[in-house]
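Participant: Below you will find the structure I want to go over with you.
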Amino acid sequence: MSVMERTFHTLLFEAIALLLFVLLAGVVTQGDSATLAGLGIGMSLLAMMINFIYNWVFDHLAGADRAVRGLKLRLIHAGLFELSLMAVSLPVLMYVLKMDFWSVLVLDLGMVVFFLVYAFVFNWSYDLIRQRVRPDSPASLGEC
């Protein structure tokens, strides 16, 4: 993917994720939607930076033709991304929420499960739609 398309991919992923996060977190925690939105935006910005770098590196290691990635590679991709994000988000959430490690770990694990499924579905759907929209324009390593 080109830098422009990778940026679009990341922004679309995060916009949908933020909407889902605020809606679901509001239902689950009965928390203030403005506070949840602020936390969600901060985590979204952090996740976008990690997502951009992680996917750029992953594409170079796994190959740029994303349409041919199978289930196993997609599961590895999603799992490693969530572990990377969790390593960065735990200290941030502990600081912002003023919560202990174990409480934040449980909270973060819930978010990881949600985002693991979401990332898997979003990326596979994006790749399938991209292949239909641009069938004769496969990404090459030179575009990454």
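By order of appearance in the structure tokens: chains A, B, ..., then residues from 1 within every chain, and ligands from 1 in the order shown.
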Set out as JSON lines a contact list for range 3-50 of chain A and range 80-92 of chain A with a cut-off of 12 Å, giving each residue of range 3-50 of chain A that qualifies its closest atom pair and distance in Å to one decimal, counting only C-alpha atoms, ordered by chain and rising residue number.
Facilitator:
```
{"residue": "A:Leu39", "atom": "CA", "partner": "A:Val92", "partner_atom": "CA", "distance": 10.2}
{"residue": "A:Gly40", "atom": "CA", "partner": "A:Ser89", "partner_atom": "CA", "distance": 11.6}
{"residue": "A:Gly42", "atom": "CA", "partner": "A:Val92", "partner_atom": "CA", "distance": 9.6}
{"residue": "A:Met43", "atom": "CA", "partner": "A:Ser89", "partner_atom": "CA", "distance": 7.5}
{"residue": "A:Ser44", "atom": "CA", "partner": "A:Ser89", "partner_atom": "CA", "distance": 10.4}
{"residue": "A:Leu45", "atom": "CA", "partner": "A:Ser89", "partner_atom": "CA", "distance": 11.3}
{"residue": "A:Leu46", "atom": "CA", "partner": "A:Ser89", "partner_atom": "CA", "distance": 8.1}
{"residue": "A:Ala47", "atom": "CA", "partner": "A:Leu85", "partner_atom": "CA", "distance": 6.6}
{"residue": "A:Met48", "atom": "CA", "partner": "A:Leu85", "partner_atom": "CA", "distance": 9.9}
{"residue": "A:Met49", "atom": "CA", "partner": "A:Leu85", "partner_atom": "CA", "distance": 9.9}
{"residue": "A:Ile50", "atom": "CA", "partner": "A:Leu85", "partner_atom": "CA", "distance": 6.8}
```
Participant: What lies within 12 Å of Asp32 in chain A using only C-alpha atoms, ignoring chain neighbours under 6 positions off, as number ranges by chain?
Facilitator: A: 22-23, 25-26, 38-39
Participant: Enumerate, as a PyMOL selection string, the complete set of residues in chain A that a backbone-based DSSP assignment places in alpha helix (DSSP H).
Facilitator: chain A and resi 3-29+33-62+71-97+101-133
Participant: Residues within 12 Å of Phe8 in chain A, please, as a ChimeraX atom specification. Count only C-alpha atoms; anything in the same chain fewer than 5 positions from it doesn't count.
Facilitator: /A:1-3,13-15,48,52,126
Participant: Applying 12 Å and only C-alpha atoms, which residues near Phe58 in chain A remain after dropping the ones on its own chain fewer than 6 positions away? List them as a PyMOL selection string.
Facilitator: chain A and resi 50-52+64-66+69+73-74+76-78+80-81+141+144
Participant: Between CA of Ala119 in chain A and CA of Gly79 in chain A, what distance in Å does the model show, to one decimal?
Facilitator: 9.3 Å
